[in-house]
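Let me begin by presenting the structure, written as structure tokens, before commenting on it.
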Amino acid sequence: MSDLWKKYKKYMAAVGISIIVLLALTAFYVRYDYQQYCEEAVPILEYHGIGSADGWMEELFVSKETFETHLQYLHDNGYKMVSVKKMAEMFANGESTEKTIVMTFDDGYLDNYTNVLPLLKKYNATATFFVVHSKIGHYRYMTHDQIQSLIDNGMEIGSHTINHQILTDIDPQYLSWEVATSRYFLKKDYNGYVVRSLSYPNGMYNSKILAAVKEYGYYWAVTGNAGTVSKKTMEQKPLELGRIYIDDSNINTFKERLRYSYWVGYLKERGINIHFFKSL
């Protein structure tokens, strides 16, 4: 019995060592695989207003000072800050997307022109601005000429629909008005400017909306889901691009959100798609 017990202990020790080695190899592979993924993956940042909320929804606004700390961090760490369109071109042309990040701004607030544009120019960055067409020229929204100035400065203009209606909630007969007509109006308003990017209001969409958006001529669309964009994403799900929501948090929280975005994108691409991974 004593010899049997000794053999058993040796066997269990060998099993234990084998498990430890297997776990170590797995951890090494996952780390290597994750690093390889991050060298290609591109986070898309979701901003709204930059400046004071002045009575509007606080969670939609990031102070000008905080926003500049984000830009300063990205600039100092070698990130290229680009638009959705530019990111798509980089993937299509086989360019390196390492340390590339996409800047997006929803709704078309006036401060996107007064506060955002000068800072983007200061840090040699471009961005995509998703405008709600019916709000152009209204109180606290950009005017026609201000949006034209964004275009003239190399920024991309995308659609955030006509009225910012939640597409999954409206009568399907109005879908073409909200999505297709917004492209037409923007093209008409801005000397034939072709809009290729869409931001789903509140990030909401379904399979029918995806089919319609593709039919109406959009190449890319951003959602309310977290995650990063890879070449595989652009090839297989260009109308379901993930974004990470950015609020008025300090720079440490900003860094955490970037890391979170990379991890969620990596897990999704490896088939681990947990539904609660939404933009924070």
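Every chain in the structure tokens takes a letter, A first, then B, and so on in the order presented; its residues are numbered from 1, and the ligands are numbered from 1 following the presented order.
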
Check: So which bits of range 98-270 of chain A end up alpha helix (DSSP H) when you DSSP the backbone, as number ranges by chain?
Finding: A: 111, 117-122, 144-152, 175-189, 207-215, 231-236, 251-269

Tell me, as a PDB file with all heavy atoms, in the first residue's frame, which residues lie within 12 Å of Thr143 in chain A, counting only C-alpha atoms; anything in the same chain fewer than 2 positions away does not count.
```
ATOM      1  N   GLY A 108     -23.417  66.570 -34.345  1.00  0.00           N
ATOM      2  CA  GLY A 108     -23.167  67.818 -35.052  1.00  0.00           C
ATOM      3  C   GLY A 108     -23.290  69.064 -34.213  1.00  0.00           C
ATOM      4  O   GLY A 108     -23.719  70.122 -34.696  1.00  0.00           O
ATOM      5  N   TYR A 109     -22.867  68.988 -32.948  1.00  0.00           N
ATOM      6  CA  TYR A 109     -22.944  70.149 -32.067  1.00  0.00           C
ATOM      7  C   TYR A 109     -22.014  71.274 -32.536  1.00  0.00           C
ATOM      8  O   TYR A 109     -20.962  71.035 -33.131  1.00  0.00           O
ATOM      9  CB  TYR A 109     -22.576  69.753 -30.637  1.00  0.00           C
ATOM     10  CG  TYR A 109     -23.566  68.817 -30.000  1.00  0.00           C
ATOM     11  CD1 TYR A 109     -23.148  67.597 -29.474  1.00  0.00           C
ATOM     12  CD2 TYR A 109     -24.915  69.133 -29.926  1.00  0.00           C
ATOM     13  CE1 TYR A 109     -24.047  66.721 -28.890  1.00  0.00           C
ATOM     14  CE2 TYR A 109     -25.825  68.267 -29.340  1.00  0.00           C
ATOM     15  CZ  TYR A 109     -25.386  67.060 -28.825  1.00  0.00           C
ATOM     16  OH  TYR A 109     -26.284  66.195 -28.258  1.00  0.00           O
ATOM     17  N   LEU A 110     -22.388  72.500 -32.214  1.00  0.00           N
ATOM     18  CA  LEU A 110     -21.617  73.677 -32.579  1.00  0.00           C
ATOM     19  C   LEU A 110     -20.182  73.594 -32.079  1.00  0.00           C
ATOM     20  O   LEU A 110     -19.243  74.010 -32.770  1.00  0.00           O
ATOM     21  CB  LEU A 110     -22.300  74.935 -32.019  1.00  0.00           C
ATOM     22  CG  LEU A 110     -21.566  76.263 -32.212  1.00  0.00           C
ATOM     23  CD1 LEU A 110     -21.378  76.572 -33.691  1.00  0.00           C
ATOM     24  CD2 LEU A 110     -22.338  77.390 -31.515  1.00  0.00           C
ATOM     25  N   ASP A 111     -19.997  73.038 -30.878  1.00  0.00           N
ATOM     26  CA  ASP A 111     -18.635  72.983 -30.323  1.00  0.00           C
ATOM     27  C   ASP A 111     -17.717  72.044 -31.112  1.00  0.00           C
ATOM     28  O   ASP A 111     -16.503  72.095 -30.955  1.00  0.00           O
ATOM     29  CB  ASP A 111     -18.660  72.596 -28.846  1.00  0.00           C
ATOM     30  CG  ASP A 111     -19.364  71.275 -28.587  1.00  0.00           C
ATOM     31  OD1 ASP A 111     -19.004  70.265 -29.205  1.00  0.00           O
ATOM     32  OD2 ASP A 111     -20.298  71.259 -27.759  1.00  0.00           O
ATOM     33  N   ASN A 112     -18.296  71.211 -31.969  1.00  0.00           N
ATOM     34  CA  ASN A 112     -17.443  70.396 -32.841  1.00  0.00           C
ATOM     35  C   ASN A 112     -16.646  71.278 -33.794  1.00  0.00           C
ATOM     36  O   ASN A 112     -15.538  70.919 -34.207  1.00  0.00           O
ATOM     37  CB  ASN A 112     -18.283  69.409 -33.658  1.00  0.00           C
ATOM     38  CG  ASN A 112     -18.859  68.257 -32.848  1.00  0.00           C
ATOM     39  OD1 ASN A 112     -19.481  67.375 -33.404  1.00  0.00           O
ATOM     40  ND2 ASN A 112     -18.656  68.268 -31.534  1.00  0.00           N
ATOM     41  N   TYR A 113     -17.213  72.419 -34.118  1.00  0.00           N
ATOM     42  CA  TYR A 113     -16.499  73.383 -34.964  1.00  0.00           C
ATOM     43  C   TYR A 113     -15.647  74.331 -34.127  1.00  0.00           C
ATOM     44  O   TYR A 113     -14.467  74.538 -34.431  1.00  0.00           O
ATOM     45  CB  TYR A 113     -17.505  74.188 -35.793  1.00  0.00           C
ATOM     46  CG  TYR A 113     -16.875  75.302 -36.583  1.00  0.00           C
ATOM     47  CD1 TYR A 113     -16.183  75.040 -37.765  1.00  0.00           C
ATOM     48  CD2 TYR A 113     -16.950  76.621 -36.133  1.00  0.00           C
ATOM     49  CE1 TYR A 113     -15.576  76.063 -38.483  1.00  0.00           C
ATOM     50  CE2 TYR A 113     -16.354  77.651 -36.848  1.00  0.00           C
ATOM     51  CZ  TYR A 113     -15.670  77.375 -38.021  1.00  0.00           C
ATOM     52  OH  TYR A 113     -15.073  78.391 -38.724  1.00  0.00           O
ATOM     53  N   THR A 114     -16.219  74.896 -33.076  1.00  0.00           N
ATOM     54  CA  THR A 114     -15.497  75.917 -32.315  1.00  0.00           C
ATOM     55  C   THR A 114     -14.392  75.343 -31.447  1.00  0.00           C
ATOM     56  O   THR A 114     -13.328  75.948 -31.288  1.00  0.00           O
ATOM     57  CB  THR A 114     -16.475  76.708 -31.425  1.00  0.00           C
ATOM     58  OG1 THR A 114     -17.160  75.796 -30.543  1.00  0.00           O
ATOM     59  CG2 THR A 114     -17.496  77.461 -32.266  1.00  0.00           C
ATOM     60  N   VAL A 131     -23.550  63.986 -38.577  1.00  0.00           N
ATOM     61  CA  VAL A 131     -24.487  65.088 -38.354  1.00  0.00           C
ATOM     62  C   VAL A 131     -25.932  64.634 -38.514  1.00  0.00           C
ATOM     63  O   VAL A 131     -26.244  63.785 -39.359  1.00  0.00           O
ATOM     64  CB  VAL A 131     -24.190  66.266 -39.305  1.00  0.00           C
ATOM     65  CG1 VAL A 131     -22.786  66.797 -39.072  1.00  0.00           C
ATOM     66  CG2 VAL A 131     -24.365  65.867 -40.761  1.00  0.00           C
ATOM     67  N   VAL A 132     -26.795  65.196 -37.681  1.00  0.00           N
ATOM     68  CA  VAL A 132     -28.242  65.017 -37.807  1.00  0.00           C
ATOM     69  C   VAL A 132     -28.723  66.117 -38.750  1.00  0.00           C
ATOM     70  O   VAL A 132     -28.673  67.296 -38.407  1.00  0.00           O
ATOM     71  CB  VAL A 132     -28.936  65.131 -36.439  1.00  0.00           C
ATOM     72  CG1 VAL A 132     -30.445  64.944 -36.593  1.00  0.00           C
ATOM     73  CG2 VAL A 132     -28.361  64.118 -35.459  1.00  0.00           C
ATOM     74  N   HIS A 133     -29.188  65.744 -39.927  1.00  0.00           N
ATOM     75  CA  HIS A 133     -29.429  66.746 -40.966  1.00  0.00           C
ATOM     76  C   HIS A 133     -30.458  67.801 -40.553  1.00  0.00           C
ATOM     77  O   HIS A 133     -30.270  68.992 -40.834  1.00  0.00           O
ATOM     78  CB  HIS A 133     -29.873  66.080 -42.276  1.00  0.00           C
ATOM     79  CG  HIS A 133     -29.894  67.031 -43.421  1.00  0.00           C
ATOM     80  ND1 HIS A 133     -31.000  67.803 -43.740  1.00  0.00           N
ATOM     81  CD2 HIS A 133     -28.917  67.384 -44.299  1.00  0.00           C
ATOM     82  CE1 HIS A 133     -30.712  68.563 -44.767  1.00  0.00           C
ATOM     83  NE2 HIS A 133     -29.461  68.326 -45.141  1.00  0.00           N
ATOM     84  N   SER A 134     -31.513  67.401 -39.891  1.00  0.00           N
ATOM     85  CA  SER A 134     -32.571  68.356 -39.528  1.00  0.00           C
ATOM     86  C   SER A 134     -32.105  69.372 -38.488  1.00  0.00           C
ATOM     87  O   SER A 134     -32.762  70.393 -38.273  1.00  0.00           O
ATOM     88  CB  SER A 134     -33.807  67.618 -39.003  1.00  0.00           C
ATOM     89  OG  SER A 134     -33.529  66.973 -37.770  1.00  0.00           O
ATOM     90  N   LYS A 135     -30.965  69.099 -37.832  1.00  0.00           N
ATOM     91  CA  LYS A 135     -30.464  69.997 -36.779  1.00  0.00           C
ATOM     92  C   LYS A 135     -29.467  71.022 -37.305  1.00  0.00           C
ATOM     93  O   LYS A 135     -29.067  71.931 -36.561  1.00  0.00           O
ATOM     94  CB  LYS A 135     -29.800  69.182 -35.673  1.00  0.00           C
ATOM     95  CG  LYS A 135     -30.731  68.199 -34.957  1.00  0.00           C
ATOM     96  CD  LYS A 135     -31.807  68.931 -34.168  1.00  0.00           C
ATOM     97  CE  LYS A 135     -32.636  67.949 -33.354  1.00  0.00           C
ATOM     98  NZ  LYS A 135     -33.699  68.650 -32.584  1.00  0.00           N
ATOM     99  N   ILE A 136     -29.046  70.892 -38.554  1.00  0.00           N
ATOM    100  CA  ILE A 136     -28.047  71.816 -39.093  1.00  0.00           C
ATOM    101  C   ILE A 136     -28.561  73.255 -39.003  1.00  0.00           C
ATOM    102  O   ILE A 136     -29.665  73.562 -39.466  1.00  0.00           O
ATOM    103  CB  ILE A 136     -27.689  71.466 -40.550  1.00  0.00           C
ATOM    104  CG1 ILE A 136     -27.024  70.093 -40.618  1.00  0.00           C
ATOM    105  CG2 ILE A 136     -26.770  72.520 -41.157  1.00  0.00           C
ATOM    106  CD1 ILE A 136     -26.759  69.601 -42.031  1.00  0.00           C
ATOM    107  N   GLY A 137     -27.765  74.121 -38.381  1.00  0.00           N
ATOM    108  CA  GLY A 137     -28.136  75.522 -38.258  1.00  0.00           C
ATOM    109  C   GLY A 137     -29.027  75.849 -37.084  1.00  0.00           C
ATOM    110  O   GLY A 137     -29.327  77.025 -36.833  1.00  0.00           O
ATOM    111  N   HIS A 138     -29.462  74.840 -36.321  1.00  0.00           N
ATOM    112  CA  HIS A 138     -30.293  75.079 -35.143  1.00  0.00           C
ATOM    113  C   HIS A 138     -29.422  75.496 -33.956  1.00  0.00           C
ATOM    114  O   HIS A 138     -28.191  75.395 -34.008  1.00  0.00           O
ATOM    115  CB  HIS A 138     -31.095  73.831 -34.794  1.00  0.00           C
ATOM    116  CG  HIS A 138     -32.248  73.592 -35.714  1.00  0.00           C
ATOM    117  ND1 HIS A 138     -33.447  73.058 -35.306  1.00  0.00           N
ATOM    118  CD2 HIS A 138     -32.405  73.822 -37.046  1.00  0.00           C
ATOM    119  CE1 HIS A 138     -34.275  72.956 -36.328  1.00  0.00           C
ATOM    120  NE2 HIS A 138     -33.663  73.406 -37.399  1.00  0.00           N
ATOM    121  N   TYR A 139     -30.067  75.929 -32.911  1.00  0.00           N
ATOM    122  CA  TYR A 139     -29.370  76.377 -31.704  1.00  0.00           C
ATOM    123  C   TYR A 139     -28.431  75.290 -31.192  1.00  0.00           C
ATOM    124  O   TYR A 139     -28.828  74.145 -30.997  1.00  0.00           O
ATOM    125  CB  TYR A 139     -30.389  76.740 -30.622  1.00  0.00           C
ATOM    126  CG  TYR A 139     -29.788  77.087 -29.283  1.00  0.00           C
ATOM    127  CD1 TYR A 139     -28.965  78.196 -29.124  1.00  0.00           C
ATOM    128  CD2 TYR A 139     -30.032  76.275 -28.166  1.00  0.00           C
ATOM    129  CE1 TYR A 139     -28.407  78.515 -27.891  1.00  0.00           C
ATOM    130  CE2 TYR A 139     -29.484  76.587 -26.928  1.00  0.00           C
ATOM    131  CZ  TYR A 139     -28.672  77.700 -26.796  1.00  0.00           C
ATOM    132  OH  TYR A 139     -28.119  78.006 -25.582  1.00  0.00           O
ATOM    133  N   ARG A 140     -27.162  75.656 -31.028  1.00  0.00           N
ATOM    134  CA  ARG A 140     -26.101  74.795 -30.505  1.00  0.00           C
ATOM    135  C   ARG A 140     -25.685  73.689 -31.466  1.00  0.00           C
ATOM    136  O   ARG A 140     -24.991  72.747 -31.084  1.00  0.00           O
ATOM    137  CB  ARG A 140     -26.472  74.197 -29.147  1.00  0.00           C
ATOM    138  CG  ARG A 140     -26.546  75.245 -28.038  1.00  0.00           C
ATOM    139  CD  ARG A 140     -26.594  74.634 -26.670  1.00  0.00           C
ATOM    140  NE  ARG A 140     -25.340  73.971 -26.345  1.00  0.00           N
ATOM    141  CZ  ARG A 140     -25.070  73.433 -25.156  1.00  0.00           C
ATOM    142  NH1 ARG A 140     -25.979  73.493 -24.195  1.00  0.00           N
ATOM    143  NH2 ARG A 140     -23.911  72.858 -24.920  1.00  0.00           N
ATOM    144  N   TYR A 141     -26.094  73.793 -32.709  1.00  0.00           N
ATOM    145  CA  TYR A 141     -25.642  72.862 -33.742  1.00  0.00           C
ATOM    146  C   TYR A 141     -24.874  73.632 -34.815  1.00  0.00           C
ATOM    147  O   TYR A 141     -25.072  74.835 -35.004  1.00  0.00           O
ATOM    148  CB  TYR A 141     -26.825  72.128 -34.379  1.00  0.00           C
ATOM    149  CG  TYR A 141     -27.458  71.111 -33.469  1.00  0.00           C
ATOM    150  CD1 TYR A 141     -28.475  71.476 -32.592  1.00  0.00           C
ATOM    151  CD2 TYR A 141     -27.029  69.791 -33.466  1.00  0.00           C
ATOM    152  CE1 TYR A 141     -29.061  70.552 -31.738  1.00  0.00           C
ATOM    153  CE2 TYR A 141     -27.613  68.850 -32.619  1.00  0.00           C
ATOM    154  CZ  TYR A 141     -28.624  69.241 -31.757  1.00  0.00           C
ATOM    155  OH  TYR A 141     -29.188  68.320 -30.915  1.00  0.00           O
ATOM    156  N   ASP A 145     -22.187  76.356 -43.272  1.00  0.00           N
ATOM    157  CA  ASP A 145     -20.838  76.821 -43.595  1.00  0.00           C
ATOM    158  C   ASP A 145     -19.788  76.223 -42.660  1.00  0.00           C
ATOM    159  O   ASP A 145     -18.645  75.965 -43.078  1.00  0.00           O
ATOM    160  CB  ASP A 145     -20.773  78.341 -43.534  1.00  0.00           C
ATOM    161  CG  ASP A 145     -21.527  79.001 -44.689  1.00  0.00           C
ATOM    162  OD1 ASP A 145     -21.899  78.271 -45.636  1.00  0.00           O
ATOM    163  OD2 ASP A 145     -21.748  80.218 -44.634  1.00  0.00           O
ATOM    164  N   GLN A 146     -20.146  76.004 -41.406  1.00  0.00           N
ATOM    165  CA  GLN A 146     -19.204  75.396 -40.464  1.00  0.00           C
ATOM    166  C   GLN A 146     -18.919  73.946 -40.833  1.00  0.00           C
ATOM    167  O   GLN A 146     -17.765  73.483 -40.749  1.00  0.00           O
ATOM    168  CB  GLN A 146     -19.741  75.516 -39.045  1.00  0.00           C
ATOM    169  CG  GLN A 146     -19.702  76.949 -38.521  1.00  0.00           C
ATOM    170  CD  GLN A 146     -20.507  77.146 -37.259  1.00  0.00           C
ATOM    171  OE1 GLN A 146     -21.401  76.359 -36.934  1.00  0.00           O
ATOM    172  NE2 GLN A 146     -20.201  78.207 -36.525  1.00  0.00           N
ATOM    173  N   ILE A 147     -19.939  73.245 -41.267  1.00  0.00           N
ATOM    174  CA  ILE A 147     -19.736  71.863 -41.718  1.00  0.00           C
ATOM    175  C   ILE A 147     -18.893  71.848 -42.983  1.00  0.00           C
ATOM    176  O   ILE A 147     -18.007  70.994 -43.151  1.00  0.00           O
ATOM    177  CB  ILE A 147     -21.091  71.152 -41.936  1.00  0.00           C
ATOM    178  CG1 ILE A 147     -21.814  70.988 -40.594  1.00  0.00           C
ATOM    179  CG2 ILE A 147     -20.894  69.796 -42.613  1.00  0.00           C
ATOM    180  CD1 ILE A 147     -23.225  70.465 -40.710  1.00  0.00           C
ATOM    181  N   GLN A 148     -19.130  72.815 -43.864  1.00  0.00           N
ATOM    182  CA  GLN A 148     -18.299  72.927 -45.072  1.00  0.00           C
ATOM    183  C   GLN A 148     -16.840  73.159 -44.696  1.00  0.00           C
ATOM    184  O   GLN A 148     -15.928  72.623 -45.330  1.00  0.00           O
ATOM    185  CB  GLN A 148     -18.801  74.072 -45.952  1.00  0.00           C
ATOM    186  CG  GLN A 148     -18.022  74.242 -47.250  1.00  0.00           C
ATOM    187  CD  GLN A 148     -18.148  73.052 -48.173  1.00  0.00           C
ATOM    188  OE1 GLN A 148     -19.252  72.677 -48.558  1.00  0.00           O
ATOM    189  NE2 GLN A 148     -17.022  72.439 -48.536  1.00  0.00           N
ATOM    190  N   SER A 149     -16.619  73.938 -43.647  1.00  0.00           N
ATOM    191  CA  SER A 149     -15.251  74.187 -43.190  1.00  0.00           C
ATOM    192  C   SER A 149     -14.596  72.905 -42.700  1.00  0.00           C
ATOM    193  O   SER A 149     -13.395  72.691 -42.913  1.00  0.00           O
ATOM    194  CB  SER A 149     -15.247  75.241 -42.080  1.00  0.00           C
ATOM    195  OG  SER A 149     -13.930  75.520 -41.653  1.00  0.00           O
ATOM    196  N   LEU A 150     -15.359  72.036 -42.042  1.00  0.00           N
ATOM    197  CA  LEU A 150     -14.817  70.737 -41.629  1.00  0.00           C
ATOM    198  C   LEU A 150     -14.344  69.951 -42.848  1.00  0.00           C
ATOM    199  O   LEU A 150     -13.250  69.379 -42.854  1.00  0.00           O
ATOM    200  CB  LEU A 150     -15.868  69.929 -40.866  1.00  0.00           C
ATOM    201  CG  LEU A 150     -16.336  70.444 -39.505  1.00  0.00           C
ATOM    202  CD1 LEU A 150     -17.361  69.488 -38.922  1.00  0.00           C
ATOM    203  CD2 LEU A 150     -15.165  70.603 -38.541  1.00  0.00           C
ATOM    204  N   ASP A 189     -26.397  69.383 -50.432  1.00  0.00           N
ATOM    205  CA  ASP A 189     -25.978  70.576 -49.684  1.00  0.00           C
ATOM    206  C   ASP A 189     -24.497  70.895 -49.854  1.00  0.00           C
ATOM    207  O   ASP A 189     -24.101  72.063 -49.760  1.00  0.00           O
ATOM    208  CB  ASP A 189     -26.257  70.386 -48.185  1.00  0.00           C
ATOM    209  CG  ASP A 189     -27.747  70.354 -47.875  1.00  0.00           C
ATOM    210  OD1 ASP A 189     -28.543  70.711 -48.763  1.00  0.00           O
ATOM    211  OD2 ASP A 189     -28.099  69.955 -46.746  1.00  0.00           O
TER     212      ASP A 189
END
```

Non-local contacts of range 265-269 of chain A (12 Å; only C-alpha atoms; under 6 positions in same chain excluded) as a tab-separated table (two decimals) with C-alpha atoms, in the first residue's frame:
```tsv
chain	number	residue	atom	x	y	z
A	30	VAL	CA	-2.86	34.11	-25.74
A	31	ARG	CA	-0.52	36.97	-24.87
A	32	TYR	CA	1.34	36.61	-28.18
A	33	ASP	CA	-1.92	36.27	-30.13
A	34	TYR	CA	-3.38	39.31	-28.38
A	35	GLN	CA	-0.29	41.41	-29.11
A	36	GLN	CA	-0.43	40.42	-32.77
A	37	TYR	CA	-4.10	41.40	-32.88
A	38	CYS	CA	-3.43	44.79	-31.26
A	39	GLU	CA	-0.80	45.63	-33.87
A	40	GLU	CA	-3.56	45.69	-36.49
A	41	ALA	CA	-6.71	46.55	-34.54
A	42	VAL	CA	-8.10	50.09	-34.56
A	43	PRO	CA	-10.25	51.50	-31.74
A	44	ILE	CA	-13.00	53.93	-32.71
A	225	ASN	CA	-21.10	47.94	-29.29
A	226	ALA	CA	-17.61	48.05	-27.83
A	227	GLY	CA	-14.58	46.59	-29.54
A	228	THR	CA	-11.89	47.42	-32.06
A	229	VAL	CA	-11.85	47.13	-35.85
A	230	SER	CA	-9.59	44.74	-37.73
A	231	LYS	CA	-9.18	43.90	-41.40
A	232	LYS	CA	-11.46	40.92	-40.83
A	233	THR	CA	-14.12	43.23	-39.38
A	234	MET	CA	-13.89	45.55	-42.38
A	236	GLN	CA	-17.04	40.79	-42.98
A	237	LYS	CA	-18.97	43.35	-40.91
A	241	LEU	CA	-18.11	48.65	-36.45
A	242	GLY	CA	-17.68	48.80	-32.69
A	243	ARG	CA	-16.87	51.98	-30.78
A	244	ILE	CA	-15.82	52.85	-27.27
A	258	LEU	CA	-8.64	51.88	-24.73
A	259	ARG	CA	-7.38	48.65	-23.18
A	275	HIS	CA	-23.60	40.36	-25.17
A	276	PHE	CA	-22.98	42.70	-22.25
A	277	PHE	CA	-19.81	44.01	-23.89
A	278	LYS	CA	-21.35	47.37	-24.74
A	279	SER	CA	-19.74	50.79	-24.88
```

Got a sec: who's within 12 Å of Ile162 in chain A, counting only C-alpha atoms, leaving out chain neighbours fewer than 4 positions off, as a CSV table (one decimal) with N, CA and C atoms, in the first residue's frame?
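Resulting contents of selection24.csv:
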```csv
chain,number,residue,atom,x,y,z
A,107,ASP,N,-23.8,63.8,-33.6
A,107,ASP,CA,-24.9,64.8,-33.5
A,107,ASP,C,-24.7,66.1,-34.2
A,108,GLY,N,-23.4,66.6,-34.3
A,108,GLY,CA,-23.2,67.8,-35.1
A,108,GLY,C,-23.3,69.1,-34.2
A,130,PHE,N,-20.6,62.9,-37.5
A,130,PHE,CA,-21.9,62.3,-37.9
A,130,PHE,C,-23.0,63.4,-37.5
A,131,VAL,N,-23.5,64.0,-38.6
A,131,VAL,CA,-24.5,65.1,-38.4
A,131,VAL,C,-25.9,64.6,-38.5
A,132,VAL,N,-26.8,65.2,-37.7
A,132,VAL,CA,-28.2,65.0,-37.8
A,132,VAL,C,-28.7,66.1,-38.7
A,133,HIS,N,-29.2,65.7,-39.9
A,133,HIS,CA,-29.4,66.7,-41.0
A,133,HIS,C,-30.5,67.8,-40.6
A,134,SER,N,-31.5,67.4,-39.9
A,134,SER,CA,-32.6,68.4,-39.5
A,134,SER,C,-32.1,69.4,-38.5
A,135,LYS,N,-31.0,69.1,-37.8
A,135,LYS,CA,-30.5,70.0,-36.8
A,135,LYS,C,-29.5,71.0,-37.3
A,136,ILE,N,-29.0,70.9,-38.6
A,136,ILE,CA,-28.0,71.8,-39.1
A,136,ILE,C,-28.6,73.3,-39.0
A,158,GLY,N,-20.3,62.2,-41.9
A,158,GLY,CA,-21.2,61.1,-42.0
A,158,GLY,C,-22.6,61.4,-41.6
A,166,ILE,N,-34.7,56.5,-33.5
A,166,ILE,CA,-34.1,55.2,-33.2
A,166,ILE,C,-34.6,54.2,-34.3
A,167,LEU,N,-33.8,53.8,-35.1
A,167,LEU,CA,-34.2,53.0,-36.3
A,167,LEU,C,-34.9,51.8,-36.0
A,174,TYR,N,-40.5,54.5,-42.9
A,174,TYR,CA,-39.8,55.8,-42.8
A,174,TYR,C,-38.2,55.6,-42.7
A,175,LEU,N,-37.8,54.3,-42.9
A,175,LEU,CA,-36.4,54.0,-42.8
A,175,LEU,C,-35.6,54.7,-43.9
A,176,SER,N,-36.2,54.6,-45.1
A,176,SER,CA,-35.5,55.2,-46.3
A,176,SER,C,-35.4,56.7,-46.1
A,177,TRP,N,-36.4,57.4,-45.5
A,177,TRP,CA,-36.3,58.8,-45.2
A,177,TRP,C,-35.2,59.1,-44.3
A,178,GLU,N,-35.1,58.4,-43.2
A,178,GLU,CA,-34.1,58.7,-42.2
A,178,GLU,C,-32.7,58.4,-42.7
A,179,VAL,N,-32.5,57.3,-43.4
A,179,VAL,CA,-31.2,56.9,-43.8
A,179,VAL,C,-30.8,57.3,-45.2
A,180,ALA,N,-31.6,56.9,-46.2
A,180,ALA,CA,-31.2,57.2,-47.6
A,180,ALA,C,-31.3,58.7,-47.9
A,181,THR,N,-32.4,59.4,-47.4
A,181,THR,CA,-32.6,60.8,-47.8
A,181,THR,C,-31.5,61.7,-47.1
A,182,SER,N,-31.0,61.3,-45.9
A,182,SER,CA,-30.0,62.1,-45.3
A,182,SER,C,-28.7,62.1,-46.2
A,183,ARG,N,-28.4,61.0,-46.8
A,183,ARG,CA,-27.3,61.0,-47.7
A,183,ARG,C,-27.5,61.9,-48.9
A,184,TYR,N,-28.7,61.8,-49.4
A,184,TYR,CA,-29.1,62.6,-50.6
A,184,TYR,C,-29.0,64.1,-50.2
A,185,PHE,N,-29.5,64.5,-49.1
A,185,PHE,CA,-29.5,65.9,-48.7
A,185,PHE,C,-28.1,66.4,-48.5
A,186,LEU,N,-27.3,65.6,-47.8
A,186,LEU,CA,-25.9,66.0,-47.6
A,186,LEU,C,-25.1,66.2,-48.9
A,198,LEU,N,-22.2,56.0,-41.7
A,198,LEU,CA,-23.4,56.2,-40.9
A,198,LEU,C,-23.2,55.8,-39.4
A,199,SER,N,-23.8,56.6,-38.6
A,199,SER,CA,-23.8,56.3,-37.1
A,199,SER,C,-25.3,56.0,-36.8
A,200,TYR,N,-25.6,54.8,-36.3
A,200,TYR,CA,-26.9,54.4,-35.9
A,200,TYR,C,-27.3,55.2,-34.7
A,201,PRO,N,-28.4,55.9,-34.7
A,201,PRO,CA,-28.8,56.7,-33.5
A,201,PRO,C,-29.0,55.7,-32.3
```

Please provide the set of residues having any atom within 8 Å of Met87 in chain A, restricted to only C-alpha atoms, with same-chain residues fewer than 4 positions apart removed, written as a short mmCIF file (atom, residue, chain, number, x, y, z; two decimals) with all heavy atoms, in the first residue's frame.
```cif
data_model
loop_
_atom_site.label_atom_id
_atom_site.label_comp_id
_atom_site.auth_asym_id
_atom_site.auth_seq_id
_atom_site.Cartn_x
_atom_site.Cartn_y
_atom_site.Cartn_z
N VAL A 82 -7.36 59.34 -37.12
CA VAL A 82 -7.91 59.43 -38.47
C VAL A 82 -9.44 59.29 -38.46
O VAL A 82 -10.06 59.03 -37.43
CB VAL A 82 -7.29 58.35 -39.38
CG1 VAL A 82 -5.77 58.45 -39.42
CG2 VAL A 82 -7.72 56.95 -38.93
N SER A 83 -10.01 59.45 -39.64
CA SER A 83 -11.45 59.29 -39.83
C SER A 83 -11.79 57.83 -40.14
O SER A 83 -10.90 57.01 -40.42
CB SER A 83 -11.93 60.17 -40.98
OG SER A 83 -11.34 59.73 -42.20
N PHE A 91 -6.79 49.95 -44.47
CA PHE A 91 -6.97 48.50 -44.53
C PHE A 91 -6.99 48.02 -45.98
O PHE A 91 -6.35 47.02 -46.34
CB PHE A 91 -8.27 48.09 -43.84
CG PHE A 91 -8.15 47.96 -42.34
CD1 PHE A 91 -8.93 48.73 -41.50
CD2 PHE A 91 -7.26 47.06 -41.77
CE1 PHE A 91 -8.83 48.60 -40.10
CE2 PHE A 91 -7.14 46.92 -40.40
CZ PHE A 91 -7.94 47.70 -39.56
N THR A 97 -1.79 49.59 -39.80
CA THR A 97 -2.76 50.27 -38.94
C THR A 97 -2.33 50.22 -37.47
O THR A 97 -3.12 50.49 -36.57
CB THR A 97 -4.16 49.65 -39.08
OG1 THR A 97 -4.07 48.23 -38.88
CG2 THR A 97 -4.76 49.94 -40.45
N THR A 100 -3.14 53.12 -34.77
CA THR A 100 -4.10 53.99 -35.45
C THR A 100 -5.37 54.02 -34.61
O THR A 100 -5.77 53.01 -34.04
CB THR A 100 -4.42 53.47 -36.86
OG1 THR A 100 -3.22 53.48 -37.65
CG2 THR A 100 -5.47 54.32 -37.54
N VAL A 102 -9.43 55.92 -34.51
CA VAL A 102 -10.43 56.71 -35.23
C VAL A 102 -11.18 57.61 -34.26
O VAL A 102 -11.62 57.17 -33.20
CB VAL A 102 -11.43 55.80 -35.98
CG1 VAL A 102 -12.59 56.61 -36.55
CG2 VAL A 102 -10.72 55.05 -37.10
#
```

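Between CA of Ser197 in chain A and CA of Ser159 in chain A there is a distance of 6.4 Å.
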
Next item on the list: Taking the chain letters and numbering used in this document, name the residues of range 83-169 of chain A that DSSP puts in strand (DSSP E or B), as a ChimeraX atom specification.
Entry: /A:100-107,109,128-131,141,156-159
